[in-house]
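Heads up: the structure comes next, in structure tokens.
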Amino acid sequence: MADSSIVGRLLAGSALALLVTTNVHAAESDTQQNSIETVVVTAEKRVESLQDAPVAVSVINSEQLQRDNVLRADELQYSVPELSFNSGNYSIRGISTQSYSRASENDVAVIVDGIVQGQAWVPENALFDVSRVEVLSGPQGMLFGRNASAGAINIVTNAPDLTRQEFHGHIEYGERAYQVYQGTANVPLNDTMALRVAGFSESETGSITNVFNNSKQGSVSETGGRLRYLWQPNSNFALNVTADYQKKFGSDSAWVVRKATPPMSLFLAACGIVPSSHNYKVCQDGSTKAVSENYGETVQADWTLDGLTLTSLTGDRQFIDIGQGDADSI
């Protein structure tokens with residue numbers, strides 16, 4: 001009887017320990033569920049949780065951009081499954097605009113800090129000092145300033161911070177003299193004003209040799225910067241002024257000839273080029289210059305009145321594109 005009593009107490013103790021352990025695990029599980037990070041978006045021109053936004057939107061924050069090594073806007077397609085980039089245009093869910101007309105509108109709108117980038121051919125802008133990127137799938141109305149039948153890419157850059165100084169940079173090297181330099185500085189001027197300055201430089205040597213002038217086709221160099229100024233005299237008013245500039249300079253890509261018949265094969269032979277699957281040489285006597293500039297200014301004022309926020313947003317964008325190519329590759 002004594003042994004049976006001891007066994008009974010041990011079993012009861014084991015059951016109690018199992019119950020306590022199960023309750024602890026349940027409490028830890030509840031804590032983990034309650035500690036899920038809230039993702040904030042402005043896909044509807046207001047700050048709200050991603051779970052509460054009644055739109056199909058994918059969000060890529062700055063940490064994910066760094067983790068995926070996304071440095072250019074045309075590389076966003078590697079982080080968002082429904083987004084792709086081809087021939088200077090974005091497409092969402094396979095819908096895009098392919099046109100040579102400057103008057104045509106993109107099916108995918110690109111917005112930076114609330115301002116639509118209006119050019120028909122979207123430049124592959126560098127992504128530097130970005131807070132998050134929101135990709136909205138499906139038709140969009142006039143919420144961001146114009147219609148977009150396929151969707152929108154909303155890029156939000158980091159705003160100045162009144163509470164701390166911040167300095168950080170990024171350096172990257174790769175093949176064909178690939179170099180990336182990025183730097184950011186956040187400087188509070190006083191209790192009500194702050195500046196945020198960010199800049200970048202990116203360059204790469206092309207892989208195709210033009211034997212006519214011993215140059216590299218496809219080489220590219222791009223530089224740019226952004227200046228943001230914040231004035232917040234009180235909790236009810238904030239003024240944000242932004243100015244940015246980007247310039248891209250390079251040589252246009254060339255058509256590499258893998259097979260040729262006379263007379264083209266004769267012209268290539270005169271330059272010492274033999275068409276083959278391993279040919280990475282061209283003999284172009286024409287100019288292949290490609291230069292683009294993209295710049296603008298934005299002024300945003302926010303007034304908070306009785307729990308409501310009135311926003312005035314004014315912006316101006318300029319885009320210049322100069323391109324020359326040698327279509328016959330000789």
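Letters A, B, ... mark the chains of the structure tokens in the order given; residue numbers begin at 1 per chain; ligand numbers begin at 1, in order shown.
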If you count only C-alpha atoms, which residues fall within 10 Å of Leu230 in chain A, apart from same-chain ones fewer than 6 positions away, as a VMD selection string?
-> chain A and resid 159 to 162 188 to 189 192 to 196 238 to 242 300 to 301
Restrict the selected residues to all heavy atoms and save them as a CSV table (one decimal), in the first residue's frame.
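The resulting file, out_39.csv, is reproduced below:
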```csv
chain,number,residue,atom,x,y,z
A,159,ALA,N,12.9,60.6,-43.3
A,159,ALA,CA,12.7,62.0,-42.9
A,159,ALA,C,13.8,62.4,-41.9
A,159,ALA,O,14.3,61.6,-41.2
A,159,ALA,CB,11.3,62.2,-42.3
A,160,PRO,N,14.1,63.7,-41.8
A,160,PRO,CA,15.0,64.2,-40.7
A,160,PRO,C,14.5,63.9,-39.3
A,160,PRO,O,13.3,63.8,-39.1
A,160,PRO,CB,15.1,65.7,-41.0
A,160,PRO,CG,14.7,65.8,-42.4
A,160,PRO,CD,13.7,64.8,-42.7
A,161,ASP,N,15.4,63.6,-38.4
A,161,ASP,CA,15.1,63.3,-37.0
A,161,ASP,C,15.6,64.4,-36.1
A,161,ASP,O,16.8,64.7,-36.2
A,161,ASP,CB,15.7,62.0,-36.7
A,161,ASP,CG,15.2,61.4,-35.4
A,161,ASP,OD1,14.7,62.2,-34.5
A,161,ASP,OD2,15.3,60.2,-35.2
A,162,LEU,N,14.7,65.0,-35.3
A,162,LEU,CA,15.1,66.1,-34.4
A,162,LEU,C,15.8,65.6,-33.2
A,162,LEU,O,16.4,66.4,-32.5
A,162,LEU,CB,13.8,66.8,-34.0
A,162,LEU,CG,13.1,67.6,-35.1
A,162,LEU,CD1,11.7,68.1,-34.5
A,162,LEU,CD2,13.9,68.8,-35.6
A,188,PRO,N,20.5,67.4,-36.3
A,188,PRO,CA,19.6,68.4,-35.7
A,188,PRO,C,20.2,69.7,-35.6
A,188,PRO,O,21.3,69.8,-35.0
A,188,PRO,CB,19.2,67.8,-34.3
A,188,PRO,CG,19.7,66.3,-34.4
A,188,PRO,CD,20.8,66.3,-35.4
A,189,LEU,N,19.6,70.8,-36.1
A,189,LEU,CA,20.1,72.1,-36.0
A,189,LEU,C,19.8,72.8,-34.6
A,189,LEU,O,20.6,73.5,-34.1
A,189,LEU,CB,19.6,73.0,-37.1
A,189,LEU,CG,19.9,72.4,-38.5
A,189,LEU,CD1,19.3,73.3,-39.6
A,189,LEU,CD2,21.4,72.3,-38.7
A,192,THR,N,13.9,72.5,-33.1
A,192,THR,CA,12.8,72.6,-34.0
A,192,THR,C,13.2,72.3,-35.5
A,192,THR,O,12.3,72.2,-36.3
A,192,THR,CB,12.1,73.9,-33.9
A,192,THR,OG1,13.0,75.0,-34.3
A,192,THR,CG2,11.5,74.2,-32.5
A,193,MET,N,14.5,72.3,-35.8
A,193,MET,CA,14.9,72.1,-37.1
A,193,MET,C,16.0,71.0,-37.2
A,193,MET,O,16.8,70.8,-36.3
A,193,MET,CB,15.5,73.4,-37.7
A,193,MET,CG,14.5,74.5,-37.8
A,193,MET,SD,15.2,76.0,-38.6
A,193,MET,CE,16.3,76.6,-37.3
A,194,ALA,N,16.0,70.3,-38.4
A,194,ALA,CA,16.9,69.2,-38.6
A,194,ALA,C,17.2,69.1,-40.1
A,194,ALA,O,16.3,69.4,-40.9
A,194,ALA,CB,16.4,67.9,-38.1
A,195,LEU,N,18.4,68.7,-40.5
A,195,LEU,CA,18.7,68.4,-41.9
A,195,LEU,C,19.1,66.9,-42.0
A,195,LEU,O,19.7,66.3,-41.1
A,195,LEU,CB,19.9,69.2,-42.3
A,195,LEU,CG,19.7,70.7,-42.7
A,195,LEU,CD1,21.0,71.4,-43.0
A,195,LEU,CD2,18.8,70.8,-43.9
A,196,ARG,N,18.8,66.4,-43.2
A,196,ARG,CA,19.2,65.0,-43.5
A,196,ARG,C,19.8,65.1,-44.9
A,196,ARG,O,19.1,65.5,-45.9
A,196,ARG,CB,18.0,64.0,-43.4
A,196,ARG,CG,18.5,62.6,-43.5
A,196,ARG,CD,17.4,61.6,-43.3
A,196,ARG,NE,17.9,60.2,-43.3
A,196,ARG,CZ,18.2,59.6,-42.2
A,196,ARG,NH1,18.1,60.2,-41.0
A,196,ARG,NH2,18.6,58.3,-42.2
A,238,ALA,N,4.3,71.0,-39.1
A,238,ALA,CA,5.6,70.5,-39.5
A,238,ALA,C,5.7,70.8,-41.0
A,238,ALA,O,4.8,70.7,-41.8
A,238,ALA,CB,5.7,68.9,-39.4
A,239,LEU,N,6.9,71.3,-41.4
A,239,LEU,CA,7.2,71.7,-42.7
A,239,LEU,C,8.4,70.9,-43.2
A,239,LEU,O,9.5,70.9,-42.6
A,239,LEU,CB,7.6,73.2,-42.8
A,239,LEU,CG,8.0,73.7,-44.2
A,239,LEU,CD1,6.8,73.7,-45.2
A,239,LEU,CD2,8.6,75.1,-44.1
A,240,ASN,N,8.2,70.1,-44.3
A,240,ASN,CA,9.3,69.3,-44.9
A,240,ASN,C,9.6,69.8,-46.3
A,240,ASN,O,8.7,70.0,-47.1
A,240,ASN,CB,8.8,67.8,-45.0
A,240,ASN,CG,9.0,67.1,-43.7
A,240,ASN,OD1,10.0,66.6,-43.4
A,240,ASN,ND2,7.9,67.0,-43.0
A,241,VAL,N,10.9,70.1,-46.5
A,241,VAL,CA,11.3,70.6,-47.8
A,241,VAL,C,12.4,69.6,-48.3
A,241,VAL,O,13.3,69.3,-47.6
A,241,VAL,CB,11.9,72.0,-47.8
A,241,VAL,CG1,12.4,72.4,-49.2
A,241,VAL,CG2,10.9,73.0,-47.2
A,242,THR,N,12.2,69.1,-49.6
A,242,THR,CA,13.1,68.1,-50.1
A,242,THR,C,13.6,68.5,-51.5
A,242,THR,O,12.8,69.0,-52.3
A,242,THR,CB,12.4,66.7,-50.3
A,242,THR,OG1,11.9,66.3,-49.0
A,242,THR,CG2,13.4,65.7,-50.8
A,300,GLN,N,6.2,70.1,-48.3
A,300,GLN,CA,5.0,69.5,-47.7
A,300,GLN,C,4.8,70.1,-46.3
A,300,GLN,O,5.7,70.2,-45.5
A,300,GLN,CB,5.2,68.0,-47.5
A,300,GLN,CG,4.0,67.3,-46.8
A,300,GLN,CD,4.2,65.8,-46.7
A,300,GLN,OE1,4.9,65.2,-47.5
A,300,GLN,NE2,3.5,65.2,-45.7
A,301,ALA,N,3.6,70.6,-46.1
A,301,ALA,CA,3.2,71.2,-44.8
A,301,ALA,C,2.1,70.5,-44.2
A,301,ALA,O,1.1,70.1,-44.9
A,301,ALA,CB,2.8,72.7,-45.0
```
Who sits within 8 Å of Ala150 in chain A, only C-alpha atoms, same chain under 4 positions skipped, as a CSV table (one decimal) with all heavy atoms, in the first residue's frame:
```csv
chain,number,residue,atom,x,y,z
A,91,SER,N,6.3,46.4,-64.6
A,91,SER,CA,5.0,45.7,-64.8
A,91,SER,C,4.6,45.0,-63.5
A,91,SER,O,5.4,44.5,-62.8
A,91,SER,CB,5.0,44.7,-66.0
A,91,SER,OG,5.9,43.6,-65.6
A,92,ILE,N,3.3,45.0,-63.2
A,92,ILE,CA,2.7,44.4,-62.0
A,92,ILE,C,1.7,43.4,-62.5
A,92,ILE,O,0.8,43.7,-63.2
A,92,ILE,CB,2.1,45.4,-61.1
A,92,ILE,CG1,3.2,46.4,-60.5
A,92,ILE,CG2,1.4,44.7,-59.9
A,92,ILE,CD1,2.6,47.4,-59.6
A,93,ARG,N,1.9,42.1,-62.1
A,93,ARG,CA,1.1,41.0,-62.5
A,93,ARG,C,1.0,40.9,-64.0
A,93,ARG,O,0.0,40.6,-64.6
A,93,ARG,CB,-0.3,41.2,-61.9
A,93,ARG,CG,-0.4,41.1,-60.4
A,93,ARG,CD,-1.8,41.4,-59.9
A,93,ARG,NE,-1.9,41.2,-58.4
A,93,ARG,CZ,-2.9,41.5,-57.7
A,93,ARG,NH1,-4.0,41.9,-58.3
A,93,ARG,NH2,-2.9,41.3,-56.4
A,95,ILE,N,1.2,43.3,-66.3
A,95,ILE,CA,0.6,44.4,-67.0
A,95,ILE,C,1.5,45.6,-67.0
A,95,ILE,O,2.0,46.0,-65.9
A,95,ILE,CB,-0.8,44.8,-66.4
A,95,ILE,CG1,-1.7,43.6,-66.3
A,95,ILE,CG2,-1.4,46.0,-67.1
A,95,ILE,CD1,-3.0,43.9,-65.6
A,96,SER,N,1.8,46.1,-68.2
A,96,SER,CA,2.8,47.2,-68.3
A,96,SER,C,2.5,48.0,-69.5
A,96,SER,O,1.7,47.6,-70.3
A,96,SER,CB,4.2,46.7,-68.3
A,96,SER,OG,4.5,45.9,-69.5
A,107,ASP,N,1.4,52.2,-67.1
A,107,ASP,CA,0.4,51.5,-66.4
A,107,ASP,C,0.7,51.3,-64.9
A,107,ASP,O,-0.1,51.1,-64.0
A,107,ASP,CB,0.1,50.1,-67.0
A,107,ASP,CG,-0.6,50.2,-68.3
A,107,ASP,OD1,-1.4,51.1,-68.5
A,107,ASP,OD2,-0.3,49.3,-69.2
A,108,VAL,N,2.0,51.5,-64.6
A,108,VAL,CA,2.5,51.4,-63.2
A,108,VAL,C,3.0,52.8,-62.8
A,108,VAL,O,4.0,53.3,-63.5
A,108,VAL,CB,3.6,50.4,-63.0
A,108,VAL,CG1,4.2,50.4,-61.6
A,108,VAL,CG2,3.1,49.0,-63.4
A,137,SER,N,-0.8,46.5,-55.9
A,137,SER,CA,-1.2,45.7,-57.1
A,137,SER,C,-2.7,46.0,-57.4
A,137,SER,O,-3.5,46.2,-56.5
A,137,SER,CB,-1.1,44.2,-56.8
A,137,SER,OG,0.3,43.9,-56.4
A,138,GLY,N,-2.9,46.1,-58.7
A,138,GLY,CA,-4.3,46.4,-59.2
A,138,GLY,C,-4.5,47.8,-59.5
A,138,GLY,O,-3.7,48.7,-59.2
A,139,PRO,N,-5.6,48.1,-60.2
A,139,PRO,CA,-5.9,49.5,-60.6
A,139,PRO,C,-5.9,50.5,-59.4
A,139,PRO,O,-6.4,50.2,-58.4
A,139,PRO,CB,-7.3,49.4,-61.3
A,139,PRO,CG,-7.4,48.0,-61.6
A,139,PRO,CD,-6.7,47.2,-60.6
A,140,GLN,N,-5.3,51.7,-59.7
A,140,GLN,CA,-5.2,52.7,-58.7
A,140,GLN,C,-5.9,54.0,-59.3
A,140,GLN,O,-5.7,54.3,-60.4
A,140,GLN,CB,-3.8,53.1,-58.3
A,140,GLN,CG,-3.0,51.9,-57.8
A,140,GLN,CD,-3.5,51.2,-56.6
A,140,GLN,OE1,-3.9,51.9,-55.6
A,140,GLN,NE2,-3.6,49.9,-56.5
```
Distance table requested - range 89-197 of chain A against range 207-213 of chain A, cut-off 12 Å, only C-alpha atoms: one row per qualifying residue with the closest atom pair and its distance in Å to one decimal, ordered by chain and rising residue number, as a Markdown table.
```
| residue | atom | partner | partner_atom | distance |
| --- | --- | --- | --- | --- |
| A:Glu175 | CA | A:Ser207 | CA | 10.1 |
| A:Arg176 | CA | A:Ser207 | CA | 7.4 |
| A:Ala177 | CA | A:Ser207 | CA | 10.6 |
| A:Tyr178 | CA | A:Ser207 | CA | 11.5 |
```
Can those selected residues be exported to a file as a short mmCIF file (atom, residue, chain, number, x, y, z; two decimals), in the first residue's frame so that it contains N, CA, C and O atoms?
```cif
data_model
loop_
_atom_site.label_atom_id
_atom_site.label_comp_id
_atom_site.auth_asym_id
_atom_site.auth_seq_id
_atom_site.Cartn_x
_atom_site.Cartn_y
_atom_site.Cartn_z
N GLU A 175 32.99 42.78 -59.71
CA GLU A 175 33.70 42.57 -60.97
C GLU A 175 33.50 43.74 -61.92
O GLU A 175 32.56 44.52 -61.79
N ARG A 176 34.38 43.84 -62.91
CA ARG A 176 34.35 44.90 -63.93
C ARG A 176 34.33 46.29 -63.29
O ARG A 176 33.58 47.17 -63.69
N ALA A 177 35.17 46.45 -62.26
CA ALA A 177 35.33 47.74 -61.58
C ALA A 177 34.02 48.27 -61.03
O ALA A 177 33.79 49.48 -60.97
N TYR A 178 33.13 47.37 -60.60
CA TYR A 178 31.85 47.77 -60.01
C TYR A 178 32.10 48.39 -58.64
O TYR A 178 32.73 47.79 -57.77
#
```
Proximity to Thr288 in chain A - best of A:Ser215, A:Asn89, A:Thr157, A:Gln117, only C-alpha atoms =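 Residue with the minimum atom-to-atom distance to Thr288 in chain A: A:Ser215.
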So that I can check the surroundings of Ser276 in chain A, please list as a compact mmCIF listing (two decimals) with all heavy atoms, in the first residue's frame every protein, DNA and RNA residue that reaches within 10 Å of it, counting only C-alpha atoms and ignoring chain neighbours fewer than 2 positions away.
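Dumped to around-v4.txt:
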```txt
# COMPACT_ATOMS: atom_id res chain seq x y z
N VAL A 256 26.00 42.45 -80.17
CA VAL A 256 27.14 41.59 -80.45
C VAL A 256 26.75 40.61 -81.55
O VAL A 256 25.74 39.92 -81.46
CB VAL A 256 27.58 40.82 -79.19
CG1 VAL A 256 28.73 39.87 -79.52
CG2 VAL A 256 28.00 41.78 -78.10
N VAL A 257 27.56 40.56 -82.60
CA VAL A 257 27.26 39.71 -83.76
C VAL A 257 27.81 38.31 -83.51
O VAL A 257 29.02 38.13 -83.32
CB VAL A 257 27.86 40.30 -85.04
CG1 VAL A 257 27.53 39.41 -86.24
CG2 VAL A 257 27.33 41.72 -85.27
N ARG A 258 26.95 37.32 -83.51
CA ARG A 258 27.36 35.93 -83.33
C ARG A 258 27.44 35.18 -84.67
O ARG A 258 28.23 34.25 -84.81
CB ARG A 258 26.39 35.22 -82.39
CG ARG A 258 26.32 35.86 -80.99
CD ARG A 258 27.66 35.78 -80.29
NE ARG A 258 27.75 36.53 -79.07
CZ ARG A 258 27.39 36.05 -77.87
NH1 ARG A 258 26.88 34.84 -77.77
NH2 ARG A 258 27.53 36.79 -76.81
N LYS A 259 26.61 35.57 -85.64
CA LYS A 259 26.66 34.99 -86.98
C LYS A 259 26.49 36.11 -87.99
O LYS A 259 25.71 37.04 -87.76
CB LYS A 259 25.56 33.94 -87.16
CG LYS A 259 25.74 32.68 -86.33
CD LYS A 259 24.65 31.66 -86.64
CE LYS A 259 24.83 30.40 -85.81
NZ LYS A 259 23.79 29.39 -86.12
N ALA A 260 27.19 36.02 -89.09
CA ALA A 260 27.10 37.08 -90.10
C ALA A 260 27.44 36.53 -91.48
O ALA A 260 28.20 35.56 -91.62
CB ALA A 260 28.04 38.24 -89.75
N ILE A 273 37.29 41.09 -86.18
CA ILE A 273 36.25 40.43 -85.39
C ILE A 273 35.75 39.21 -86.14
O ILE A 273 35.39 39.28 -87.32
CB ILE A 273 35.08 41.39 -85.11
CG1 ILE A 273 35.55 42.59 -84.28
CG2 ILE A 273 33.95 40.67 -84.38
CD1 ILE A 273 34.47 43.62 -84.04
N VAL A 274 35.71 38.09 -85.44
CA VAL A 274 35.18 36.84 -85.99
C VAL A 274 33.87 36.52 -85.27
O VAL A 274 33.88 36.25 -84.07
CB VAL A 274 36.17 35.68 -85.82
CG1 VAL A 274 35.58 34.39 -86.38
CG2 VAL A 274 37.50 36.00 -86.50
N HIS A 278 31.27 33.13 -78.77
CA HIS A 278 32.17 33.68 -77.75
C HIS A 278 32.62 35.10 -78.10
O HIS A 278 33.54 35.62 -77.46
CB HIS A 278 33.40 32.78 -77.60
CG HIS A 278 33.09 31.36 -77.23
ND1 HIS A 278 32.61 31.00 -75.99
CD2 HIS A 278 33.14 30.22 -77.97
CE1 HIS A 278 32.41 29.69 -75.96
NE2 HIS A 278 32.72 29.20 -77.15
N ASN A 279 31.99 35.72 -79.07
CA ASN A 279 32.39 37.06 -79.47
C ASN A 279 31.81 38.11 -78.53
O ASN A 279 30.59 38.16 -78.31
CB ASN A 279 31.91 37.34 -80.90
CG ASN A 279 32.20 38.77 -81.33
OD1 ASN A 279 33.24 39.32 -80.99
ND2 ASN A 279 31.26 39.36 -82.05
N TYR A 280 32.67 38.95 -77.97
CA TYR A 280 32.25 40.07 -77.14
C TYR A 280 32.91 41.36 -77.64
O TYR A 280 33.28 42.22 -76.85
CB TYR A 280 32.60 39.83 -75.67
CG TYR A 280 31.74 38.77 -75.03
CD1 TYR A 280 32.15 37.45 -74.98
CD2 TYR A 280 30.50 39.09 -74.48
CE1 TYR A 280 31.36 36.47 -74.41
CE2 TYR A 280 29.70 38.12 -73.90
CZ TYR A 280 30.14 36.82 -73.87
OH TYR A 280 29.34 35.84 -73.30
```
Out of range 139-235 of chain A, which residues get strand (DSSP E or B) from DSSP, as a PyMOL selection string?
-> chain A and resi 140+148+151-157+166-174+178-188+193-204+208-210+215-217+220-234
Check the smallest atom-to-atom distance from each of A:Ser131, A:Gln64, A:Asn147, A:Ile153 to Ser84 in chain A using only C-alpha atoms, then report the winner.
->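 Answer, going by the shortest atom-to-atom distance: A:Ile153.
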Taken to one decimal, the CA of Tyr229 in chain A-CA of Asp113 in chain A distance is 13.4 Å
Name all residues at most 10 Å from Val156 in chain A (count only C-alpha atoms; drop same-chain ones fewer than 3 positions away) and give them as a list in words.
-> Val41, Thr42, Asn61, Ile111, Val112, Asp113, Gly114, Asp129, Val130, Ser131, Arg132, Val133, Glu134, Ile153 and Ala159 of chain A
Could you dump the residues just selected with C-alpha atoms as a PDB file, in the first residue's frame?
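The resulting file, selection_16.pdb, is reproduced below:
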```
ATOM      1  CA  VAL A  41       1.968  51.783 -44.567  1.00  0.00           C
ATOM      2  CA  THR A  42       0.656  54.908 -46.294  1.00  0.00           C
ATOM      3  CA  ASN A  61      11.412  48.034 -45.412  1.00  0.00           C
ATOM      4  CA  ILE A 111       5.725  57.818 -56.474  1.00  0.00           C
ATOM      5  CA  VAL A 112       8.565  59.205 -54.357  1.00  0.00           C
ATOM      6  CA  ASP A 113       7.575  60.988 -51.130  1.00  0.00           C
ATOM      7  CA  GLY A 114       4.080  61.614 -52.473  1.00  0.00           C
ATOM      8  CA  ASP A 129      18.319  56.239 -47.577  1.00  0.00           C
ATOM      9  CA  VAL A 130      14.849  54.728 -48.087  1.00  0.00           C
ATOM     10  CA  SER A 131      12.463  53.970 -45.222  1.00  0.00           C
ATOM     11  CA  ARG A 132      10.215  51.562 -47.140  1.00  0.00           C
ATOM     12  CA  VAL A 133       8.800  50.709 -50.550  1.00  0.00           C
ATOM     13  CA  GLU A 134       5.115  49.858 -50.997  1.00  0.00           C
ATOM     14  CA  ILE A 153       5.230  51.794 -56.479  1.00  0.00           C
ATOM     15  CA  ALA A 159      12.732  61.978 -42.902  1.00  0.00           C
TER      16      ALA A 159
END
```
May I have the residues within 10 Å of Gly272 in chain A as a PyMOL selection string, using only C-alpha atoms and disregarding those fewer than 2 positions away in the same chain?
-> chain A and resi 211+266-270+274-275+281-283
Pick from A:Met264, A:Ala56, A:Ile155, A:Leu227, whichever lies nearest to Glu82 in chain A using only C-alpha atoms |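 When distances to Glu82 in chain A are compared using only C-alpha atoms, the smallest one comes from A:Ala56.
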Residue with smallest distance to Glu75 in chain A - pool A:Leu127, A:Val59, A:Asp191, A:Tyr295, counting only C-alpha atoms =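 The shortest atom-to-atom distance to Glu75 in chain A comes from A:Leu127.
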